[in-house]
Amino acid sequence: MLDEIEGTVQGHRDGHGFVQRDDGEADIYLPPNEMRAVLHKDRVKARIVRQDRRGRPEGRVVEIVERPEQPIIGRLLHEGGIWLVAPEDKRYGQDVLIPKGATGPAKVGQVVVVQLTEPPALFGQPVGRVREVLGEIDDPGMEIEIAVRKYGVPHEFSAECLALAKALPEKVRPADKKGRIDLTDVPLVTIDGEDARDFDDAVYCEPAKVGRGKGWRLLVAIADVSAYVQTGSAIDIDAYDRATSVYFPRRVIPMLPEKLSNGLCSLNPEVERLCMVCDMLVAADGEIYAYQFYPAVMFSHARFTYTEVAAILGNTRGPEAAKRKDRVKDLLNLADVYRALLKQRGKRGAVDFETTETQIICDDAGRIEKIVPRTRNEAHKIIEEAMLAANVCSADFIAEGKHPGLFRVHEGPTPEKKEILRGYLKAMGVGLSITDDPRPGEFQAIAEATKERPDSQQIHTMLLRSMQQAIYTPFNSGHFGLAYEAYTHFTSPIRRYPDLLVHRVIKAILGKTRYQLPMLPTPGEAHAKLAKRLASRVKAPTTKPQKATIAPTKEVLAWEAAGLHCSANERRADEASRDVEAWLKCKYMREHLGEEYGGVVSAATTFGIFVTLDAMYVEGLVHITELGGEYFKFDEMRQELRGERTGIRYAIGTRVRVQVSRVDLDGRKIDFRLVREGEDLTSRAMKDKGSAPVKASTKRSARHKAEAGGEPRLEHGSGVAVAAAGPQSAMQAFKSAVKKAANKMQGKGRKPRRG
């Protein structure tokens, strides 16, 4: 047997779990009996005792190292005279018992936050008390209230932070302008979405002589948050704790108090604001010839929307242009410099895949009205290229200044991902591949060469999945996707803490001083905790700087800890946002049970295919048992499921027609069933509802009522949604026979179909 291994427990909905190892090796499987005495997110020591039937290392928990303070959110139920809370996050695996006097003002069925008072044991459930009542499950915005607590997102500013924000001035004072360049006569403008409330950035462009040729002078002015948020102040502490603003449909949890984010720091039109400027000379070929940074005071001459700018550029004689005739020439200059920068992007070989992002449109009650694709027009791309230029200049300035800071690092694919991608491209008959030390241009070349193929979406998805996640770190390893040798984030200090740190470092270099991080991140124990916290979200960078021949200093370790913290909280914000979107989509799809839609396979796995609906951009699972009466094998090389008898294939990009068969709101899961040619609506309805009326018991438990939400409850048996007590339909009987036959085959040595 192996030595004891330390890691974090990751629970699963079916009662088993894994110990996620700190060393990055294979996770250790924990069977349900081992999960009874531990909780999801516990830090434990485990010992591998055997290999399970799937060949996974199976372990036993020998010690609970750390049980983090983690509130559990769930529904309060009363069953058989016992009060309990069923966790909303099913990875916890066990209900929490609530003593009679510990329910507080909560009522049956309400969503509550529970504080554990007794941990679970092998023969005893966890015990807790109700700490907070969130309300009814259908209350508007409840999904957000659950998510911020589930993921530990700070959502209330400290009293000290709010008091300090309140004491700040309402507008720029004469004393604030001291030592700043006056740009109030330069027609800087903001270009944002229709629903934007805080404006980080303003832009201006004019033709200029660059070297001996023509070019442009491009100004990117960014809100100077560092002028108002002092290092180590109460506002700074809260901002660091959050590290980023969190965006939900209909609600934002800001990094800074509203007085700063929507007022004093926001580059609102026709008011003076303090800013940091990246002033660039861009040559005709898009290369940045020179740049400089300086603090300034500006006056936004207009607040544009992306839609408005795109309309003006599309027709300079149209009604939109007529309303803004004084700014049309400036916008045309911005479009010209954008095209030059785009040319340089192509020369660098930066990766540029077109992907579809979606936007959830909600009504006043918080219910989804529709899900629409978020379209990117020319105005979006103009601002994106201008911000990239300012960010790359910031990274260069910090590197040249030899001052510690945070870079935005995106490393190339790992050796494992390179091998998977090479095998996939070969299996798909793509004539191109990647080298041992690939450049971004190789990925872009493959994307360009395959864009006309019918399976281009599948190939581009695999290219994207081979990439690593970007992180913040003081060790500059470049940005693979953007093909930059150095890159950082400078352009959004209102909503990202790393940008605020970058501003402070740039100011320190300009003032020939050195910026000292506050006593927020520290090396040693705090750094180790941050590293462990990040381990569950993103791997640390593997490429070390070539010149790093000596151990990092205490100062660099502090910057590394700050980068780990910001990266982890960025992932936390993404997870919370995705959780809310998934909850809303599930609630939306409950109203469409039984309806049919066309869709595209977005992923293939050992246990089925994920399908994204065309009309709604909602993803759900077609379980492998719903694919037909034959054995399907997962081809990892081709990333597809293939039927052994018919040869039918389901791969990314395959078009299918599905019916919405089941929605699990608590699990954030949607199940589809495949609809085949020749099936009529009557037979499909009979399959879903049973061939005769269902006689349900009149006595239902509180749990079943809560889970069903007043709707007929469906149980999930062998991946098939069937009525709880209904007789079998012909199709269900057929599926049962197929399952028995499969079990017989399995007994003869054939592998099971389940993944």
# chains A, B, ... in the order shown; residues from 1 in each chain; ligands from 1
>>> closest_atom_pairs(of="segment 236-303 of chain A", to="segment 128-149 of chain A", cutoff="9 Å", atoms="only C-alpha atoms", output="CSV")
residue,atom,partner,partner_atom,distance
A:Phe248,CA,A:Ile144,CA,7.5
A:Arg250,CA,A:Gly141,CA,8.7
A:Arg251,CA,A:Ile144,CA,8.4
>>> residues_around(residues="segment 459-468 of chain A", least_positions_apart="5", cutoff="8 Å", atoms="only C-alpha atoms", output="list in words")
Phe353, His410, Glu411, Gly412, Pro413, Thr414, Lys417, Lys418, Leu421, Leu425, Phe443, Ala447 and Thr450 of chain A
>>> atom_distance(atom1="atom CA of Asn315 of chain A", atom2="atom CA of Leu331 of chain A")
12.0 Å
>>> atom_distance(atom1="atom CA of Val611 of chain A", atom2="atom CA of Asp666 of chain A")
20.0 Å
>>> atom_distance(atom1="atom CA of Thr605 of chain A", atom2="atom CA of Ile652 of chain A")
10.5 Å
>>> residues_around(residues="segment 292-295 of chain A", least_positions_apart="3", cutoff="6 Å", atoms="only C-alpha atoms", output="VMD selection string")
chain A and resid 180 275 to 279
>>> residues_around(residues="Pro31 of chain A", least_positions_apart="4", cutoff="10 Å", atoms="only C-alpha atoms", output="PyMOL selection string")
chain A and resi 14-18+35-36+52+58-60
>>> select_by_dssp(residues="segment 148-231 of chain A", states="strand (DSSP E or B)", output="mmCIF file with C-alpha atoms, in the first residue's frame")
data_model
loop_
_atom_site.group_PDB
_atom_site.id
_atom_site.type_symbol
_atom_site.label_atom_id
_atom_site.label_comp_id
_atom_site.auth_asym_id
_atom_site.auth_seq_id
_atom_site.Cartn_x
_atom_site.Cartn_y
_atom_site.Cartn_z
ATOM 1 C CA ILE A 181 -1.940 66.295 -17.739
ATOM 2 C CA ASP A 182 -5.102 68.237 -18.663
ATOM 3 C CA VAL A 189 -15.429 58.985 -25.712
ATOM 4 C CA THR A 190 -16.679 55.789 -24.069
ATOM 5 C CA ILE A 191 -18.098 52.877 -26.108
ATOM 6 C CA ASP A 192 -19.964 50.217 -24.106
ATOM 7 C CA ASP A 201 -12.225 53.131 -20.481
ATOM 8 C CA ALA A 202 -12.345 55.992 -22.986
ATOM 9 C CA VAL A 203 -10.620 56.209 -26.381
ATOM 10 C CA TYR A 204 -9.487 58.787 -28.933
ATOM 11 C CA CYS A 205 -7.560 58.429 -32.198
ATOM 12 C CA GLU A 206 -6.121 60.828 -34.765
ATOM 13 C CA PRO A 207 -3.758 60.455 -37.763
ATOM 14 C CA ALA A 208 -0.093 61.064 -36.916
ATOM 15 C CA LYS A 209 3.355 60.773 -38.422
ATOM 16 C CA VAL A 210 5.071 57.648 -37.136
ATOM 17 C CA GLY A 213 5.556 57.057 -42.424
ATOM 18 C CA LYS A 214 1.905 57.542 -41.604
ATOM 19 C CA GLY A 215 0.101 56.095 -38.644
ATOM 20 C CA TRP A 216 -2.100 57.051 -35.721
ATOM 21 C CA ARG A 217 -1.924 58.370 -32.220
ATOM 22 C CA LEU A 218 -4.186 56.243 -30.049
ATOM 23 C CA LEU A 219 -5.117 57.304 -26.514
ATOM 24 C CA VAL A 220 -6.633 54.798 -24.095
ATOM 25 C CA ALA A 221 -7.718 56.543 -20.882
ATOM 26 C CA ILE A 222 -8.571 54.286 -17.922
ATOM 27 C CA ALA A 223 -10.360 55.298 -14.707
#
>>> residues_around(residues="Lys166 of chain A", least_positions_apart="3", cutoff="12 Å", atoms="only C-alpha atoms", output="PDB file with N, CA and C atoms, in the first residue's frame")
ATOM      1  N   ALA A 159     -18.619  47.892   7.266  1.00  0.00           N
ATOM      2  CA  ALA A 159     -19.075  49.230   7.688  1.00  0.00           C
ATOM      3  C   ALA A 159     -17.961  50.253   7.492  1.00  0.00           C
ATOM      4  N   GLU A 160     -16.711  49.838   7.754  1.00  0.00           N
ATOM      5  CA  GLU A 160     -15.569  50.749   7.592  1.00  0.00           C
ATOM      6  C   GLU A 160     -15.388  51.142   6.120  1.00  0.00           C
ATOM      7  N   CYS A 161     -15.585  50.169   5.220  1.00  0.00           N
ATOM      8  CA  CYS A 161     -15.464  50.431   3.787  1.00  0.00           C
ATOM      9  C   CYS A 161     -16.524  51.428   3.326  1.00  0.00           C
ATOM     10  N   LEU A 162     -17.766  51.207   3.729  1.00  0.00           N
ATOM     11  CA  LEU A 162     -18.861  52.096   3.322  1.00  0.00           C
ATOM     12  C   LEU A 162     -18.684  53.500   3.890  1.00  0.00           C
ATOM     13  N   ALA A 163     -18.195  53.578   5.143  1.00  0.00           N
ATOM     14  CA  ALA A 163     -17.970  54.895   5.761  1.00  0.00           C
ATOM     15  C   ALA A 163     -16.885  55.672   5.018  1.00  0.00           C
ATOM     16  N   PRO A 169     -15.079  62.635  -2.015  1.00  0.00           N
ATOM     17  CA  PRO A 169     -15.760  63.775  -2.646  1.00  0.00           C
ATOM     18  C   PRO A 169     -16.751  63.315  -3.713  1.00  0.00           C
ATOM     19  N   GLU A 170     -17.655  64.193  -4.093  1.00  0.00           N
ATOM     20  CA  GLU A 170     -18.650  63.876  -5.111  1.00  0.00           C
ATOM     21  C   GLU A 170     -18.100  64.075  -6.519  1.00  0.00           C
ATOM     22  N   TYR A 228      -8.142  57.024  -5.516  1.00  0.00           N
ATOM     23  CA  TYR A 228      -9.120  57.077  -4.421  1.00  0.00           C
ATOM     24  C   TYR A 228      -9.042  55.884  -3.471  1.00  0.00           C
ATOM     25  N   ILE A 235     -11.471  50.161   2.025  1.00  0.00           N
ATOM     26  CA  ILE A 235     -11.990  49.883   0.678  1.00  0.00           C
ATOM     27  C   ILE A 235     -11.077  48.892  -0.028  1.00  0.00           C
ATOM     28  N   PRO A 257     -17.509  49.884  -3.805  1.00  0.00           N
ATOM     29  CA  PRO A 257     -18.809  50.482  -3.462  1.00  0.00           C
ATOM     30  C   PRO A 257     -19.351  51.316  -4.624  1.00  0.00           C
ATOM     31  N   GLU A 258     -20.671  51.434  -4.698  1.00  0.00           N
ATOM     32  CA  GLU A 258     -21.332  52.093  -5.832  1.00  0.00           C
ATOM     33  C   GLU A 258     -20.870  53.531  -6.030  1.00  0.00           C
ATOM     34  N   LYS A 259     -20.552  54.229  -4.956  1.00  0.00           N
ATOM     35  CA  LYS A 259     -20.118  55.623  -5.095  1.00  0.00           C
ATOM     36  C   LYS A 259     -18.877  55.726  -5.977  1.00  0.00           C
ATOM     37  N   LEU A 260     -18.016  54.688  -5.921  1.00  0.00           N
ATOM     38  CA  LEU A 260     -16.825  54.658  -6.768  1.00  0.00           C
ATOM     39  C   LEU A 260     -17.123  54.034  -8.132  1.00  0.00           C
ATOM     40  N   GLY A 263     -19.958  56.104  -9.807  1.00  0.00           N
ATOM     41  CA  GLY A 263     -19.862  57.548  -9.651  1.00  0.00           C
ATOM     42  C   GLY A 263     -18.472  58.083  -9.894  1.00  0.00           C
ATOM     43  N   LEU A 264     -17.722  58.270  -8.813  1.00  0.00           N
ATOM     44  CA  LEU A 264     -16.463  59.004  -8.849  1.00  0.00           C
ATOM     45  C   LEU A 264     -15.416  58.424  -9.811  1.00  0.00           C
TER      46      LEU A 264
END
>>> closest_residue(among="A:Lys507, A:Arg273, A:Arg668, A:Arg50", to="Arg173 of chain A", atoms="only C-alpha atoms")
A:Arg273
>>> residues_around(residues="Arg47 of chain A", least_positions_apart="4", cutoff="12 Å", atoms="only C-alpha atoms", output="PyMOL selection string")
chain A and resi 1-7+19+21+27-30+34+51+57-63
>>> residues_around(residues="Asp95 of chain A", least_positions_apart="5", cutoff="12 Å", atoms="only C-alpha atoms", output="PyMOL selection string")
chain A and resi 15+36+39+72-79+82-90+114+116+119-120+124-128+703
>>> closest_residue(among="A:Arg422, A:Thr646, A:Arg43, A:Tyr484", to="Gly628 of chain A", atoms="only C-alpha atoms")
A:Thr646
>>> select_by_dssp(residues="segment 206-356 of chain A", states="helix (DSSP H, G or I)", output="VMD selection string")
chain A and resid 225 to 227 234 to 242 258 to 264 306 to 314 319 to 323 328 to 348
>>> closest_atom_pairs(of="segment 297-389 of chain A", to="segment 286-291 of chain A", cutoff="9 Å", atoms="only C-alpha atoms", output="Markdown table")
| residue | atom | partner | partner_atom | distance |
| --- | --- | --- | --- | --- |
| A:Val337 | CA | A:Gly286 | CA | 7.2 |
| A:Tyr338 | CA | A:Gly286 | CA | 8.2 |
| A:Arg339 | CA | A:Gly286 | CA | 7.8 |
| A:Ala340 | CA | A:Gly286 | CA | 4.2 |
| A:Leu341 | CA | A:Gly286 | CA | 4.2 |
| A:Leu342 | CA | A:Gly286 | CA | 7.2 |
| A:Lys343 | CA | A:Gly286 | CA | 6.3 |
| A:Gln344 | CA | A:Gly286 | CA | 5.1 |
| A:Arg345 | CA | A:Gly286 | CA | 8.3 |
| A:Ala389 | CA | A:Ile288 | CA | 7.8 |
>>> closest_residue(among="A:Ala576, A:Glu270, A:Thr117, A:Glu570", to="Arg495 of chain A", atoms="only C-alpha atoms")
A:Glu570
>>> decode(residues="segment 473-492 of chain A", atoms="N, CA, C and O atoms", output="PDB file, in the first residue's frame")
ATOM      1  N   THR A 473       0.199  35.957 -12.384  1.00  0.00           N
ATOM      2  CA  THR A 473       1.424  35.520 -11.721  1.00  0.00           C
ATOM      3  C   THR A 473       2.525  36.557 -11.956  1.00  0.00           C
ATOM      4  O   THR A 473       2.525  37.234 -12.989  1.00  0.00           O
ATOM      5  N   PRO A 474       3.475  36.688 -11.007  1.00  0.00           N
ATOM      6  CA  PRO A 474       4.600  37.608 -11.232  1.00  0.00           C
ATOM      7  C   PRO A 474       5.647  37.037 -12.186  1.00  0.00           C
ATOM      8  O   PRO A 474       6.564  37.746 -12.586  1.00  0.00           O
ATOM      9  N   PHE A 475       5.535  35.748 -12.534  1.00  0.00           N
ATOM     10  CA  PHE A 475       6.494  35.114 -13.437  1.00  0.00           C
ATOM     11  C   PHE A 475       5.964  35.199 -14.864  1.00  0.00           C
ATOM     12  O   PHE A 475       5.012  34.512 -15.224  1.00  0.00           O
ATOM     13  N   ASN A 476       6.591  36.034 -15.675  1.00  0.00           N
ATOM     14  CA  ASN A 476       6.101  36.256 -17.033  1.00  0.00           C
ATOM     15  C   ASN A 476       6.493  35.113 -17.964  1.00  0.00           C
ATOM     16  O   ASN A 476       7.663  34.902 -18.248  1.00  0.00           O
ATOM     17  N   SER A 477       5.491  34.379 -18.438  1.00  0.00           N
ATOM     18  CA  SER A 477       5.724  33.318 -19.426  1.00  0.00           C
ATOM     19  C   SER A 477       5.013  33.628 -20.735  1.00  0.00           C
ATOM     20  O   SER A 477       4.879  32.754 -21.589  1.00  0.00           O
ATOM     21  N   GLY A 478       4.521  34.852 -20.871  1.00  0.00           N
ATOM     22  CA  GLY A 478       3.863  35.242 -22.112  1.00  0.00           C
ATOM     23  C   GLY A 478       2.417  34.799 -22.181  1.00  0.00           C
ATOM     24  O   GLY A 478       1.911  34.080 -21.312  1.00  0.00           O
ATOM     25  N   HIS A 479       1.734  35.246 -23.219  1.00  0.00           N
ATOM     26  CA  HIS A 479       0.331  34.880 -23.438  1.00  0.00           C
ATOM     27  C   HIS A 479       0.244  34.114 -24.749  1.00  0.00           C
ATOM     28  O   HIS A 479       0.392  34.679 -25.831  1.00  0.00           O
ATOM     29  N   PHE A 480       0.018  32.804 -24.652  1.00  0.00           N
ATOM     30  CA  PHE A 480       0.031  31.922 -25.818  1.00  0.00           C
ATOM     31  C   PHE A 480      -1.072  32.288 -26.811  1.00  0.00           C
ATOM     32  O   PHE A 480      -0.811  32.476 -28.000  1.00  0.00           O
ATOM     33  N   GLY A 481      -2.297  32.392 -26.337  1.00  0.00           N
ATOM     34  CA  GLY A 481      -3.434  32.625 -27.226  1.00  0.00           C
ATOM     35  C   GLY A 481      -3.332  33.917 -28.007  1.00  0.00           C
ATOM     36  O   GLY A 481      -3.677  33.977 -29.190  1.00  0.00           O
ATOM     37  N   LEU A 482      -2.865  34.987 -27.343  1.00  0.00           N
ATOM     38  CA  LEU A 482      -2.749  36.292 -27.994  1.00  0.00           C
ATOM     39  C   LEU A 482      -1.396  36.491 -28.676  1.00  0.00           C
ATOM     40  O   LEU A 482      -1.187  37.511 -29.346  1.00  0.00           O
ATOM     41  N   ALA A 483      -0.502  35.522 -28.500  1.00  0.00           N
ATOM     42  CA  ALA A 483       0.836  35.565 -29.107  1.00  0.00           C
ATOM     43  C   ALA A 483       1.614  36.808 -28.677  1.00  0.00           C
ATOM     44  O   ALA A 483       2.253  37.472 -29.498  1.00  0.00           O
ATOM     45  N   TYR A 484       1.562  37.111 -27.380  1.00  0.00           N
ATOM     46  CA  TYR A 484       2.337  38.224 -26.815  1.00  0.00           C
ATOM     47  C   TYR A 484       3.442  37.661 -25.930  1.00  0.00           C
ATOM     48  O   TYR A 484       3.213  36.704 -25.177  1.00  0.00           O
ATOM     49  N   GLU A 485       4.618  38.284 -25.984  1.00  0.00           N
ATOM     50  CA  GLU A 485       5.704  37.868 -25.097  1.00  0.00           C
ATOM     51  C   GLU A 485       5.438  38.296 -23.659  1.00  0.00           C
ATOM     52  O   GLU A 485       5.927  37.673 -22.720  1.00  0.00           O
ATOM     53  N   ALA A 486       4.686  39.370 -23.487  1.00  0.00           N
ATOM     54  CA  ALA A 486       4.293  39.827 -22.145  1.00  0.00           C
ATOM     55  C   ALA A 486       2.924  40.481 -22.251  1.00  0.00           C
ATOM     56  O   ALA A 486       2.654  41.233 -23.189  1.00  0.00           O
ATOM     57  N   TYR A 487       2.067  40.179 -21.284  1.00  0.00           N
ATOM     58  CA  TYR A 487       0.704  40.711 -21.315  1.00  0.00           C
ATOM     59  C   TYR A 487       0.220  40.864 -19.883  1.00  0.00           C
ATOM     60  O   TYR A 487       0.594  40.105 -18.994  1.00  0.00           O
ATOM     61  N   THR A 488      -0.595  41.886 -19.635  1.00  0.00           N
ATOM     62  CA  THR A 488      -1.192  42.053 -18.311  1.00  0.00           C
ATOM     63  C   THR A 488      -2.556  42.701 -18.454  1.00  0.00           C
ATOM     64  O   THR A 488      -3.025  42.952 -19.576  1.00  0.00           O
ATOM     65  N   HIS A 489      -3.216  42.963 -17.342  1.00  0.00           N
ATOM     66  CA  HIS A 489      -4.525  43.621 -17.346  1.00  0.00           C
ATOM     67  C   HIS A 489      -4.397  45.007 -16.710  1.00  0.00           C
ATOM     68  O   HIS A 489      -4.080  45.127 -15.531  1.00  0.00           O
ATOM     69  N   PHE A 490      -4.686  46.027 -17.516  1.00  0.00           N
ATOM     70  CA  PHE A 490      -4.574  47.422 -17.103  1.00  0.00           C
ATOM     71  C   PHE A 490      -5.904  48.167 -17.234  1.00  0.00           C
ATOM     72  O   PHE A 490      -6.125  49.191 -16.589  1.00  0.00           O
ATOM     73  N   THR A 491      -6.820  47.638 -18.043  1.00  0.00           N
ATOM     74  CA  THR A 491      -7.947  48.435 -18.548  1.00  0.00           C
ATOM     75  C   THR A 491      -9.243  48.364 -17.739  1.00  0.00           C
ATOM     76  O   THR A 491     -10.195  49.040 -18.098  1.00  0.00           O
ATOM     77  N   SER A 492      -9.306  47.575 -16.664  1.00  0.00           N
ATOM     78  CA  SER A 492     -10.569  47.461 -15.918  1.00  0.00           C
ATOM     79  C   SER A 492     -10.378  47.498 -14.401  1.00  0.00           C
ATOM     80  O   SER A 492     -10.779  46.564 -13.692  1.00  0.00           O
TER      81      SER A 492
END
